[in-house]
$ cat input.cif   # mmCIF, C-alpha atoms and all ligand atoms
data_input
loop_
_atom_site.label_atom_id
_atom_site.label_comp_id
_atom_site.auth_asym_id
_atom_site.auth_seq_id
_atom_site.Cartn_x
_atom_site.Cartn_y
_atom_site.Cartn_z
CA MET A 1 -40.60 214.33 2.34
CA PRO A 2 -39.97 217.41 4.43
CA GLU A 3 -36.30 218.21 4.86
CA LYS A 4 -34.77 217.66 8.28
CA ILE A 5 -35.00 220.73 10.47
CA SER A 6 -33.65 221.14 13.93
CA ILE A 7 -35.00 223.72 16.29
CA VAL A 8 -33.81 224.99 19.62
CA VAL A 9 -36.15 227.19 21.60
CA LEU A 10 -34.07 229.40 23.87
CA ASP A 11 -35.35 230.98 27.02
CA VAL A 12 -36.43 234.48 25.98
CA ALA A 13 -34.67 235.76 29.11
CA THR A 14 -31.35 234.83 27.47
CA VAL A 15 -32.02 237.31 24.65
CA THR A 16 -32.04 240.51 26.64
CA LYS A 17 -29.71 242.92 24.86
CA ILE A 18 -31.17 245.39 22.37
CA ASP A 19 -30.17 244.47 18.86
CA VAL A 20 -27.98 246.94 16.99
CA LYS A 21 -30.37 246.75 14.01
CA ALA A 22 -33.19 248.11 16.16
CA LEU A 23 -31.42 251.49 16.48
CA GLN A 24 -31.89 254.67 14.50
CA LEU A 25 -28.91 256.59 13.11
CA SER A 26 -29.31 259.31 15.75
CA GLU A 27 -29.14 256.69 18.51
CA LEU A 28 -25.97 255.25 17.02
CA GLU A 29 -24.52 258.78 16.94
CA ASP A 30 -25.38 259.17 20.63
CA LYS A 31 -23.65 255.88 21.33
CA ALA A 32 -20.55 256.98 19.40
CA GLN A 33 -20.43 260.17 21.47
CA GLU A 34 -20.83 258.23 24.70
CA PHE A 35 -17.82 256.11 23.69
CA ALA A 36 -15.85 259.27 22.80
CA GLU A 37 -15.87 258.39 19.10
CA PRO A 38 -16.63 260.89 16.31
CA ASP A 39 -20.21 261.06 14.94
CA TYR A 40 -19.14 259.63 11.59
CA ARG A 41 -18.69 256.23 13.28
CA ALA A 42 -22.49 255.92 13.22
CA ARG A 43 -22.50 256.45 9.42
CA GLN A 44 -19.81 253.81 9.08
CA MET A 45 -21.93 251.43 11.13
CA VAL A 46 -25.10 251.84 9.09
CA ASP A 47 -23.05 251.33 5.94
CA TRP A 48 -21.81 248.02 7.35
CA LEU A 49 -25.31 247.04 8.52
CA TYR A 50 -27.48 248.02 5.56
CA GLY A 51 -25.00 248.64 2.73
CA LYS A 52 -22.49 245.83 3.06
CA ARG A 53 -24.81 243.79 5.31
CA VAL A 54 -22.23 242.18 7.53
CA GLN A 55 -23.31 239.78 10.22
CA SER A 56 -21.00 240.63 13.11
CA PHE A 57 -19.28 243.61 14.73
CA ASP A 58 -15.96 241.93 13.93
CA GLU A 59 -16.49 242.46 10.21
CA MET A 60 -16.76 246.27 10.65
CA SER A 61 -13.09 246.51 9.88
CA ASP A 62 -12.74 250.31 9.75
CA LEU A 63 -14.03 250.75 13.31
CA PRO A 64 -11.45 250.73 16.11
CA ARG A 65 -11.27 247.31 17.75
CA GLU A 66 -12.01 248.74 21.20
CA PHE A 67 -15.19 250.40 19.88
CA ARG A 68 -16.30 247.14 18.25
CA ASN A 69 -15.74 245.29 21.51
CA ARG A 70 -17.78 247.79 23.47
CA LEU A 71 -20.59 247.62 20.94
CA GLY A 72 -20.54 243.83 21.23
CA GLN A 73 -20.80 244.05 25.01
CA GLU A 74 -23.73 246.43 24.84
CA PHE A 75 -25.76 245.24 21.87
CA ALA A 76 -26.90 241.97 20.37
CA PHE A 77 -26.20 241.30 16.67
CA SER A 78 -28.70 238.61 15.86
CA ARG A 79 -29.63 237.14 12.50
CA ILE A 80 -32.55 235.11 11.29
CA ASP A 81 -31.81 231.74 9.73
CA THR A 82 -33.60 230.48 6.66
CA ILE A 83 -34.82 226.96 7.28
CA ARG A 84 -37.17 226.43 4.35
CA VAL A 85 -37.90 228.01 0.98
CA LEU A 86 -40.86 226.94 -1.13
CA GLY A 87 -41.55 228.05 -4.70
CA SER A 88 -39.37 229.00 -7.63
CA ARG A 89 -37.98 232.15 -9.21
CA ASP A 90 -41.07 232.87 -11.34
CA THR A 91 -43.66 232.18 -8.69
CA THR A 92 -44.51 233.26 -5.22
CA ARG A 93 -41.80 232.07 -2.83
CA LYS A 94 -42.30 231.40 0.84
CA PHE A 95 -39.43 231.70 3.30
CA LEU A 96 -39.54 230.14 6.74
CA PHE A 97 -37.15 231.73 9.22
CA ARG A 98 -35.95 230.73 12.65
CA LEU A 99 -35.42 233.61 15.09
CA ALA A 100 -32.66 233.76 17.69
CA ASP A 101 -35.02 232.37 20.36
CA GLY A 102 -36.06 229.48 18.12
CA ASN A 103 -39.48 230.81 17.11
CA LEU A 104 -40.54 230.46 13.49
CA ILE A 105 -41.89 233.17 11.20
CA GLU A 106 -42.53 233.36 7.48
CA SER A 107 -42.19 235.92 4.69
CA VAL A 108 -43.45 235.72 1.13
CA LEU A 109 -41.80 237.11 -2.01
CA ILE A 110 -44.39 237.89 -4.68
CA PRO A 111 -43.47 238.43 -8.34
CA ALA A 112 -44.61 241.50 -10.27
CA SER A 113 -48.36 241.86 -10.42
CA PRO A 114 -50.42 244.86 -11.49
CA ALA A 115 -53.22 243.82 -9.14
CA LEU A 116 -51.10 244.15 -6.06
CA TYR A 117 -50.73 247.05 -3.69
CA GLY A 118 -49.24 250.34 -4.74
CA SER A 119 -48.73 251.30 -8.34
CA ARG A 120 -48.83 249.32 -11.55
CA SER A 121 -45.08 249.24 -11.64
CA ASP A 122 -44.87 247.08 -8.51
CA ARG A 123 -42.02 244.66 -8.63
CA ARG A 124 -40.67 242.21 -6.11
CA THR A 125 -43.09 242.69 -3.29
CA ILE A 126 -42.34 241.10 0.05
CA CYS A 127 -45.03 240.26 2.55
CA ILE A 128 -43.57 240.25 6.05
CA SER A 129 -44.58 239.22 9.55
CA THR A 130 -44.79 241.45 12.60
CA GLN A 131 -45.62 238.98 15.36
CA VAL A 132 -45.05 235.31 16.20
CA GLY A 133 -48.58 233.96 15.92
CA CYS A 134 -51.55 236.26 16.23
CA ALA A 135 -54.14 237.00 18.88
CA TYR A 136 -56.85 238.28 16.56
CA GLY A 137 -58.29 235.00 15.33
CA CYS A 138 -59.70 236.08 11.95
CA LYS A 139 -61.64 233.06 10.80
CA PHE A 140 -59.97 232.66 7.39
CA CYS A 141 -56.39 232.81 8.64
CA ALA A 142 -53.93 230.13 9.71
CA SER A 143 -51.68 232.57 11.59
CA GLY A 144 -53.97 232.77 14.57
CA LEU A 145 -54.68 229.04 14.82
CA ASP A 146 -51.89 228.46 17.28
CA GLY A 147 -52.43 231.60 19.32
CA PHE A 148 -50.09 234.50 19.97
CA SER A 149 -46.49 234.08 21.18
CA ARG A 150 -44.80 237.47 21.06
CA ASN A 151 -44.18 240.69 19.17
CA LEU A 152 -41.29 240.81 16.72
CA GLN A 153 -38.47 243.19 17.54
CA PRO A 154 -37.68 245.96 15.00
CA ASN A 155 -34.54 244.12 13.85
CA GLU A 156 -36.53 240.91 13.27
CA ILE A 157 -38.88 242.85 11.00
CA VAL A 158 -36.03 244.50 9.05
CA ASP A 159 -34.06 241.24 8.89
CA GLN A 160 -36.82 239.52 6.91
CA ILE A 161 -36.17 241.89 4.01
CA ILE A 162 -32.40 241.52 4.27
CA ALA A 163 -32.66 237.72 4.46
CA VAL A 164 -35.04 237.46 1.49
CA GLU A 165 -32.78 239.70 -0.62
CA ARG A 166 -29.80 237.57 0.39
CA GLU A 167 -31.59 234.28 -0.40
CA SER A 168 -33.23 235.39 -3.62
CA GLY A 169 -30.53 237.70 -5.00
CA GLU A 170 -33.33 240.17 -5.80
CA LYS A 171 -33.81 243.75 -4.68
CA ILE A 172 -37.12 244.29 -2.89
CA ASP A 173 -38.90 247.50 -3.76
CA ASN A 174 -42.36 247.05 -2.30
CA ILE A 175 -43.34 245.92 1.16
CA VAL A 176 -46.65 244.76 2.54
CA PHE A 177 -47.15 244.05 6.22
CA MET A 178 -49.65 241.28 5.70
CA GLY A 179 -47.76 238.28 7.02
CA MET A 180 -48.20 236.74 10.40
CA GLY A 181 -49.51 239.03 13.12
CA GLU A 182 -51.50 242.24 13.41
CA PRO A 183 -48.97 245.00 12.57
CA LEU A 184 -50.77 247.74 14.46
CA ALA A 185 -50.78 245.64 17.65
CA ASN A 186 -46.97 245.91 17.60
CA PHE A 187 -47.06 249.61 16.87
CA ASP A 188 -43.83 250.93 18.42
CA ASN A 189 -41.57 248.17 17.09
CA LEU A 190 -43.23 248.42 13.71
CA MET A 191 -42.67 252.18 13.50
CA ARG A 192 -39.03 251.74 14.49
CA ALA A 193 -38.59 249.12 11.78
CA ILE A 194 -40.34 251.23 9.15
CA ARG A 195 -38.09 254.19 9.89
CA ILE A 196 -35.06 251.97 9.23
CA ILE A 197 -36.62 250.47 6.10
CA ASN A 198 -37.50 253.92 4.80
CA ALA A 199 -34.35 255.86 5.76
CA PRO A 200 -31.79 256.66 3.03
CA TRP A 201 -29.12 255.34 5.46
CA GLY A 202 -31.22 252.16 5.98
CA LEU A 203 -32.91 250.16 3.24
CA GLY A 204 -34.07 253.26 1.37
CA ILE A 205 -37.54 251.99 0.41
CA GLY A 206 -40.03 254.83 -0.15
CA ALA A 207 -42.92 255.12 2.32
CA ARG A 208 -45.41 254.96 -0.55
CA HIS A 209 -44.04 251.50 -1.33
CA ILE A 210 -44.87 250.30 2.16
CA THR A 211 -48.39 249.07 2.92
CA LEU A 212 -49.71 248.15 6.34
CA SER A 213 -52.66 245.85 6.58
CA THR A 214 -54.83 245.83 9.67
CA SER A 215 -57.76 243.77 10.83
CA GLY A 216 -59.28 247.03 12.05
CA LEU A 217 -57.63 248.41 15.20
CA ALA A 218 -59.43 251.75 15.10
CA PRO A 219 -57.38 253.63 17.77
CA GLN A 220 -54.06 252.64 16.16
CA ILE A 221 -55.34 253.66 12.72
CA ARG A 222 -55.84 257.14 14.15
CA GLN A 223 -52.41 256.99 15.79
CA LEU A 224 -50.85 256.01 12.46
CA ALA A 225 -52.67 258.89 10.77
CA ASP A 226 -50.83 261.26 13.13
CA GLU A 227 -47.41 259.82 12.22
CA PRO A 228 -45.48 261.79 9.61
CA LEU A 229 -44.68 258.70 7.48
CA GLN A 230 -46.80 258.46 4.32
CA VAL A 231 -47.21 254.67 4.38
CA ARG A 232 -50.24 253.15 2.71
CA LEU A 233 -53.01 251.50 4.66
CA ALA A 234 -55.09 248.46 3.72
CA ILE A 235 -58.06 247.44 5.84
CA SER A 236 -59.09 243.79 6.07
CA LEU A 237 -62.80 244.46 5.78
CA HIS A 238 -64.33 241.14 4.60
CA GLY A 239 -67.86 242.16 5.51
CA ALA A 240 -70.02 245.18 4.72
CA THR A 241 -72.35 244.82 7.74
CA ASP A 242 -71.58 244.09 11.39
CA ALA A 243 -73.63 240.88 11.22
CA VAL A 244 -71.40 239.49 8.43
CA ARG A 245 -68.12 240.93 9.69
CA ASP A 246 -68.76 239.55 13.20
CA GLN A 247 -68.72 236.04 11.73
CA ILE A 248 -65.30 236.52 10.14
CA MET A 249 -63.39 239.08 12.22
CA PRO A 250 -63.69 238.81 16.03
CA ILE A 251 -62.12 242.29 16.28
CA ASN A 252 -65.38 243.67 14.92
CA ARG A 253 -66.98 243.12 18.32
CA ARG A 254 -64.49 245.56 19.82
CA TYR A 255 -64.36 248.05 16.96
CA ASN A 256 -67.49 247.71 14.89
CA LEU A 257 -67.86 249.04 11.37
CA GLU A 258 -68.98 252.45 12.54
CA LYS A 259 -65.87 252.92 14.70
CA LEU A 260 -63.58 251.39 12.10
CA LEU A 261 -64.90 253.47 9.22
CA ALA A 262 -64.72 256.66 11.29
CA ALA A 263 -61.02 255.91 11.92
CA CYS A 264 -60.52 255.18 8.18
CA ASP A 265 -62.14 258.49 7.33
CA TYR A 266 -59.77 260.26 9.74
CA TYR A 267 -56.78 258.49 8.16
CA ALA A 268 -57.78 259.22 4.58
CA LYS A 269 -58.40 262.91 5.28
CA ARG A 270 -55.31 263.40 7.42
CA LYS A 271 -53.02 261.67 4.94
CA LYS A 272 -54.88 262.76 1.80
CA GLN A 273 -54.51 259.20 0.69
CA ARG A 274 -56.65 256.53 -0.94
CA LEU A 275 -57.25 253.53 1.35
CA SER A 276 -57.53 249.93 0.20
CA PHE A 277 -60.12 247.50 1.45
CA GLU A 278 -59.20 243.83 1.39
CA TYR A 279 -62.21 241.61 0.90
CA ILE A 280 -61.80 237.82 0.89
CA LEU A 281 -64.74 236.34 -0.98
CA ILE A 282 -66.16 233.39 0.96
CA ALA A 283 -69.02 231.36 -0.53
CA ASN A 284 -72.38 231.98 1.15
CA VAL A 285 -70.82 234.07 3.89
CA ASN A 286 -69.99 237.51 2.43
CA ASP A 287 -70.48 237.14 -1.33
CA SER A 288 -74.12 238.19 -1.72
CA PRO A 289 -75.20 241.02 -4.07
CA ASP A 290 -76.42 242.91 -0.99
CA GLN A 291 -72.91 242.82 0.55
CA ALA A 292 -71.43 243.96 -2.78
CA ARG A 293 -73.78 246.95 -2.99
CA ARG A 294 -73.10 247.95 0.63
CA LEU A 295 -69.36 247.51 0.13
CA GLY A 296 -69.55 249.71 -2.96
CA ARG A 297 -71.34 252.44 -1.00
CA ILE A 298 -68.77 252.33 1.84
CA ALA A 299 -65.83 252.48 -0.57
CA ARG A 300 -67.34 255.32 -2.59
CA ARG A 301 -68.01 257.37 0.54
CA LEU A 302 -64.40 256.94 1.70
CA GLY A 303 -62.83 257.16 -1.76
CA ALA A 304 -61.28 253.71 -1.20
CA LYS A 305 -60.36 250.99 -3.67
CA ILE A 306 -61.20 247.35 -3.19
CA ASN A 307 -59.06 244.25 -3.61
CA LEU A 308 -61.17 241.13 -3.86
CA ILE A 309 -59.38 237.90 -3.01
CA PRO A 310 -61.08 234.54 -3.52
CA TYR A 311 -60.86 232.48 -0.33
CA ASN A 312 -58.05 229.91 -0.16
CA THR A 313 -58.92 226.74 1.65
CA VAL A 314 -57.03 226.41 4.92
CA GLN A 315 -56.69 223.02 6.49
CA GLY A 316 -58.69 222.91 9.69
CA LEU A 317 -60.90 225.86 8.72
CA PRO A 318 -64.42 225.77 7.25
CA TRP A 319 -65.66 227.66 4.17
CA SER A 320 -64.92 227.59 0.46
CA ARG A 321 -64.38 230.04 -2.38
CA PRO A 322 -67.31 231.18 -4.52
CA SER A 323 -67.53 230.02 -8.15
CA PRO A 324 -65.75 232.20 -10.75
CA GLU A 325 -69.23 233.36 -11.95
CA GLN A 326 -70.18 234.46 -8.44
CA GLN A 327 -66.85 236.27 -8.07
CA ASP A 328 -67.48 238.08 -11.38
CA ARG A 329 -71.00 239.06 -10.32
CA PHE A 330 -69.66 240.55 -7.10
CA LEU A 331 -66.99 242.50 -9.01
CA SER A 332 -69.44 243.83 -11.57
CA ILE A 333 -71.73 245.20 -8.83
CA LEU A 334 -68.74 247.08 -7.43
CA HIS A 335 -67.89 248.41 -10.87
CA SER A 336 -71.45 249.57 -11.34
CA SER A 337 -71.07 251.45 -8.02
CA GLU A 338 -68.15 253.19 -9.74
CA VAL A 339 -65.49 252.19 -7.23
CA PRO A 340 -62.05 250.97 -8.32
CA ALA A 341 -61.97 247.25 -7.63
CA THR A 342 -59.73 244.37 -8.66
CA LEU A 343 -60.16 240.65 -8.35
CA ARG A 344 -56.94 238.79 -7.71
CA ARG A 345 -57.31 235.49 -9.39
CA GLU A 346 -54.04 233.66 -9.25
CA LYS A 347 -54.29 229.95 -9.00
CA GLY A 348 -54.54 228.76 -5.43
CA HIS A 349 -51.07 227.24 -5.38
CA ASP A 350 -50.31 225.40 -2.17
CA ILE A 351 -47.69 227.92 -1.23
CA GLU A 352 -49.94 230.86 -2.00
CA ALA A 353 -52.46 229.70 0.55
CA ALA A 354 -53.11 231.78 3.62
CA CYS A 355 -50.17 233.14 5.51
CA GLY A 356 -49.11 231.26 8.60
CA GLN A 357 -49.65 227.82 7.11
CA LEU A 358 -46.02 226.98 6.38
CA ARG A 359 -45.00 227.92 9.91
CA LEU A 360 -47.86 225.95 11.42
CA GLN A 361 -47.14 222.90 9.30
CA THR A 362 -43.41 222.98 10.12
CA LYS A 363 -44.05 223.53 13.81
CA ARG A 364 -46.36 220.52 13.91
CA GLU A 365 -43.85 218.36 12.03
CA LEU A 366 -41.19 219.34 14.53
CA GLU A 367 -43.47 218.64 17.47
CA THR A 368 -44.31 215.21 16.03
CA ALA A 369 -40.64 214.46 15.38
CA THR A 370 -39.62 215.32 18.94
CA SER A 371 -42.57 213.71 20.75
S1 LIG B 401 -55.54 238.03 9.24
FE1 LIG B 401 -53.90 239.11 10.31
S2 LIG B 401 -54.92 239.89 12.17
FE2 LIG B 401 -56.25 238.29 11.37
S3 LIG B 401 -55.61 236.39 12.43
FE3 LIG B 401 -54.46 236.51 10.49
S4 LIG B 401 -52.53 237.48 11.02
FE4 LIG B 401 -53.98 237.92 12.68
#
$ encode --input "input.cif" --output "structure tokens"
Amino acid sequence: MPEKISIVVLDVATVTKIDVKALQLSELEDKAQEFAEPDYRARQMVDWLYGKRVQSFDEMSDLPREFRNRLGQEFAFSRIDTIRVLGSRDTTRKFLFRLADGNLIESVLIPASPALYGSRSDRRTICISTQVGCAYGCKFCASGLDGFSRNLQPNEIVDQIIAVERESGEKIDNIVFMGMGEPLANFDNLMRAIRIINAPWGLGIGARHITLSTSGLAPQIRQLADEPLQVRLAISLHGATDAVRDQIMPINRRYNLEKLLAACDYYAKRKKQRLSFEYILIANVNDSPDQARRLGRIARRLGAKINLIPYNTVQGLPWSRPSPEQQDRFLSILHSSEVPATLRREKGHDIEAACGQLRLQTKRELETATS
């Protein structure tokens, strides 16, 4: 039986103030100056926000009351509420959050796994969302099934990490932007959030422990390459020819493989960094030996590594995962092409299924309950 959840969708127009957790330290310093307060007030504020993690201006007890009041008049101080948690301490845990305007998003906390992104010492990875819904409609993904609602604000991105740490009691040290939404389609808010996540005065998580995953927005990949932050990039490839990728990723019709791979090449050279290719293995769609050989050639040319992920069945979507033997065959062709490749073969737990499902399921339950 699902637990009882109430939801109130507010008019977005009622949430108009910028949130204080969307601001950089320098902007807080500017604000302190404007209010004729010393610069160190900004340091005190970030300590309250990201060190002590208070949830209101009132709790910032070493700031003058008048300053707190003025901050409260000028800025919002929103929080995200946890409405569901699935999973246990030793497994993947999914968190469903309600935003200030009533929209739902989800984040996933993944236990240590050497096959995940970043280094072998990965621990406590969180997969976070960047949009409510998604407009990109990748055919294996539940996040896009209900369409796109809106971009997340920088504070709503940062708050997912704070809320998961609060709920789980664990310290997150690796972040993957692979939850709901296409991160690079929310570029400015994402960059703002990443600067807060990365800053020593913010959450202090190293850029090399932050991975962005994109369905293949070639112009934004180039834009990201020109940013100073050394975040990692993972490309959702899922097809080694346009004919196959077109079936899975509608974005391929806008930025085909040639354009996408040229942008990847630019990124890898500019950042001097190894890219990752995500490749969901789908039976009889993209799992042929020919696709494996072509994928191997692409990865070798770009110096990329490959993460193979067996397809997880999504309710309402076609397709199935290949047999374990077929998965192994695909992997061994990649190995014979001498490219680093891993096959993630956790059990397809319900809660590990494609991102966006928990939100979709809860939203539909709520709609049924209120109709
Ligand atoms: S995989 Fe990412 S980009 Fe594609 S539909 Fe899902 S959330 Fe959107």
$ closest_atom_pairs --input "input.cif" --of "chain A" --to "ligand LIG 401 (chain B)" --cutoff "7 Å" --atoms "only C-alpha atoms and all ligand atoms" --output "CSV"
residue,atom,partner,partner_atom,distance
A:Cys134,CA,B:LIG401,FE4,4.6
A:Ala135,CA,B:LIG401,FE4,6.3
A:Tyr136,CA,B:LIG401,S3,4.7
A:Gly137,CA,B:LIG401,S3,4.2
A:Cys138,CA,B:LIG401,S3,4.1
A:Cys141,CA,B:LIG401,FE3,4.6
A:Ala142,CA,B:LIG401,FE3,6.4
A:Ser143,CA,B:LIG401,FE3,4.9
A:Gly144,CA,B:LIG401,S3,4.5
A:Met178,CA,B:LIG401,FE1,6.6
A:Gly179,CA,B:LIG401,S4,6.3
A:Met180,CA,B:LIG401,S4,4.4
A:Gly181,CA,B:LIG401,S4,4.0
A:Glu182,CA,B:LIG401,S2,4.3
A:Thr214,CA,B:LIG401,S2,6.4
A:Ser215,CA,B:LIG401,S2,5.0
$ closest_residue --input "input.cif" --among "A:Asn186, A:Thr91, A:Asn198, A:Gln44" --to "Asp173 (chain A)" --atoms "all atoms listed in the file"
A:Asn198
$ atom_distance --input "input.cif" --atom1 "CA of Leu49 (chain A)" --atom2 "CA of Leu229 (chain A)"
22.6 Å
$ atom_distance --input "input.cif" --atom1 "CA of Ile18 (chain A)" --atom2 "CA of Phe57 (chain A)"
14.2 Å
$ residues_around --input "input.cif" --residues "region 150-167 of chain A" --least-positions-apart "4" --cutoff "6 Å" --atoms "all atoms listed in the file" --output "list in words"
Lys21, Ala22, Thr130, Gln131, Val132, Lys171, Asn189, Arg192 and Ala193 of chain A
$ closest_residue --input "input.cif" --among "A:Ile83, A:Ala199, A:Ala42, A:Val314" --to "Leu63 (chain A)" --atoms "all atoms listed in the file"
A:Ala42
$ atom_distance --input "input.cif" --atom1 "CA of Ala225 (chain A)" --atom2 "CA of Ala341 (chain A)"
23.7 Å
$ residues_near_point --input "input.cif" --point "(-45.4, 252.8, -1.4)" --cutoff "8 Å" --atoms "only C-alpha atoms" --output "list of chain:residue names"
A:Gly118, A:Ser119, A:Asn174, A:Ile175, A:Gly206, A:Ala207, A:Arg208, A:His209, A:Ile210, A:Thr211, A:Val231, A:Arg232
$ residues_around --input "input.cif" --residues "region 297-300 of chain A" --least-positions-apart "4" --cutoff "12 Å" --atoms "only C-alpha atoms" --output "PyMOL selection string"
chain A and resi 235+237+239-241+257-258+260-262+264-265+268+274-279+290-293+304-307+333-341
$ residues_around --input "input.cif" --residues "region 23-35 of chain A" --least-positions-apart "2" --cutoff "9 Å" --atoms "all atoms listed in the file" --output "list in words"
Ile18, Asp19, Val20, Lys21, Glu37, Pro38, Asp39, Tyr40, Arg41, Ala42, Arg43, Met45, Val46, Phe67, Arg70, Leu71, Pro154, Asn155, Arg192, Ala193, Arg195, Ile196, Trp201 and Gly202 of chain A
$ closest_residue --input "input.cif" --among "A:Val54, A:Ile282, A:Ala36, A:Leu224" --to "Ala185 (chain A)" --atoms "all atoms listed in the file"
A:Leu224
$ build_atoms --input "input.cif" --residues "region 54-69 of chain A" --atoms "N, CA and C atoms" --output "PDB file, in the coordinates of the input"
ATOM      1  N   VAL A  54     -23.047 243.140   6.785  1.00  0.00           N
ATOM      2  CA  VAL A  54     -22.230 242.180   7.530  1.00  0.00           C
ATOM      3  C   VAL A  54     -23.072 241.546   8.632  1.00  0.00           C
ATOM      4  N   GLN A  55     -22.527 240.490   9.214  1.00  0.00           N
ATOM      5  CA  GLN A  55     -23.310 239.780  10.220  1.00  0.00           C
ATOM      6  C   GLN A  55     -22.628 239.719  11.583  1.00  0.00           C
ATOM      7  N   SER A  56     -21.624 240.565  11.779  1.00  0.00           N
ATOM      8  CA  SER A  56     -21.000 240.630  13.110  1.00  0.00           C
ATOM      9  C   SER A  56     -20.275 241.967  13.240  1.00  0.00           C
ATOM     10  N   PHE A  57     -20.057 242.378  14.494  1.00  0.00           N
ATOM     11  CA  PHE A  57     -19.280 243.610  14.730  1.00  0.00           C
ATOM     12  C   PHE A  57     -17.851 243.427  14.236  1.00  0.00           C
ATOM     13  N   ASP A  58     -17.344 242.202  14.340  1.00  0.00           N
ATOM     14  CA  ASP A  58     -15.960 241.930  13.930  1.00  0.00           C
ATOM     15  C   ASP A  58     -15.677 242.312  12.490  1.00  0.00           C
ATOM     16  N   GLU A  59     -16.698 242.170  11.648  1.00  0.00           N
ATOM     17  CA  GLU A  59     -16.490 242.460  10.210  1.00  0.00           C
ATOM     18  C   GLU A  59     -16.419 243.962   9.916  1.00  0.00           C
ATOM     19  N   MET A  60     -16.764 244.810  10.888  1.00  0.00           N
ATOM     20  CA  MET A  60     -16.760 246.270  10.650  1.00  0.00           C
ATOM     21  C   MET A  60     -15.318 246.764  10.751  1.00  0.00           C
ATOM     22  N   SER A  61     -14.545 246.445   9.745  1.00  0.00           N
ATOM     23  CA  SER A  61     -13.090 246.510   9.880  1.00  0.00           C
ATOM     24  C   SER A  61     -12.528 247.933   9.992  1.00  0.00           C
ATOM     25  N   ASP A  62     -13.302 248.967   9.601  1.00  0.00           N
ATOM     26  CA  ASP A  62     -12.740 250.310   9.750  1.00  0.00           C
ATOM     27  C   ASP A  62     -13.138 250.968  11.068  1.00  0.00           C
ATOM     28  N   LEU A  63     -13.760 250.228  11.969  1.00  0.00           N
ATOM     29  CA  LEU A  63     -14.030 250.750  13.310  1.00  0.00           C
ATOM     30  C   LEU A  63     -12.924 250.286  14.249  1.00  0.00           C
ATOM     31  N   PRO A  64     -12.496 251.151  15.167  1.00  0.00           N
ATOM     32  CA  PRO A  64     -11.450 250.730  16.110  1.00  0.00           C
ATOM     33  C   PRO A  64     -11.886 249.476  16.879  1.00  0.00           C
ATOM     34  N   ARG A  65     -10.936 248.594  17.109  1.00  0.00           N
ATOM     35  CA  ARG A  65     -11.270 247.310  17.750  1.00  0.00           C
ATOM     36  C   ARG A  65     -11.957 247.520  19.110  1.00  0.00           C
ATOM     37  N   GLU A  66     -11.442 248.489  19.866  1.00  0.00           N
ATOM     38  CA  GLU A  66     -12.010 248.740  21.200  1.00  0.00           C
ATOM     39  C   GLU A  66     -13.494 249.138  21.102  1.00  0.00           C
ATOM     40  N   PHE A  67     -13.806 249.953  20.098  1.00  0.00           N
ATOM     41  CA  PHE A  67     -15.190 250.400  19.880  1.00  0.00           C
ATOM     42  C   PHE A  67     -16.068 249.196  19.511  1.00  0.00           C
ATOM     43  N   ARG A  68     -15.544 248.355  18.639  1.00  0.00           N
ATOM     44  CA  ARG A  68     -16.300 247.140  18.250  1.00  0.00           C
ATOM     45  C   ARG A  68     -16.582 246.265  19.465  1.00  0.00           C
ATOM     46  N   ASN A  69     -15.557 246.125  20.318  1.00  0.00           N
ATOM     47  CA  ASN A  69     -15.740 245.290  21.510  1.00  0.00           C
ATOM     48  C   ASN A  69     -16.822 245.866  22.424  1.00  0.00           C
TER      49      ASN A  69
END
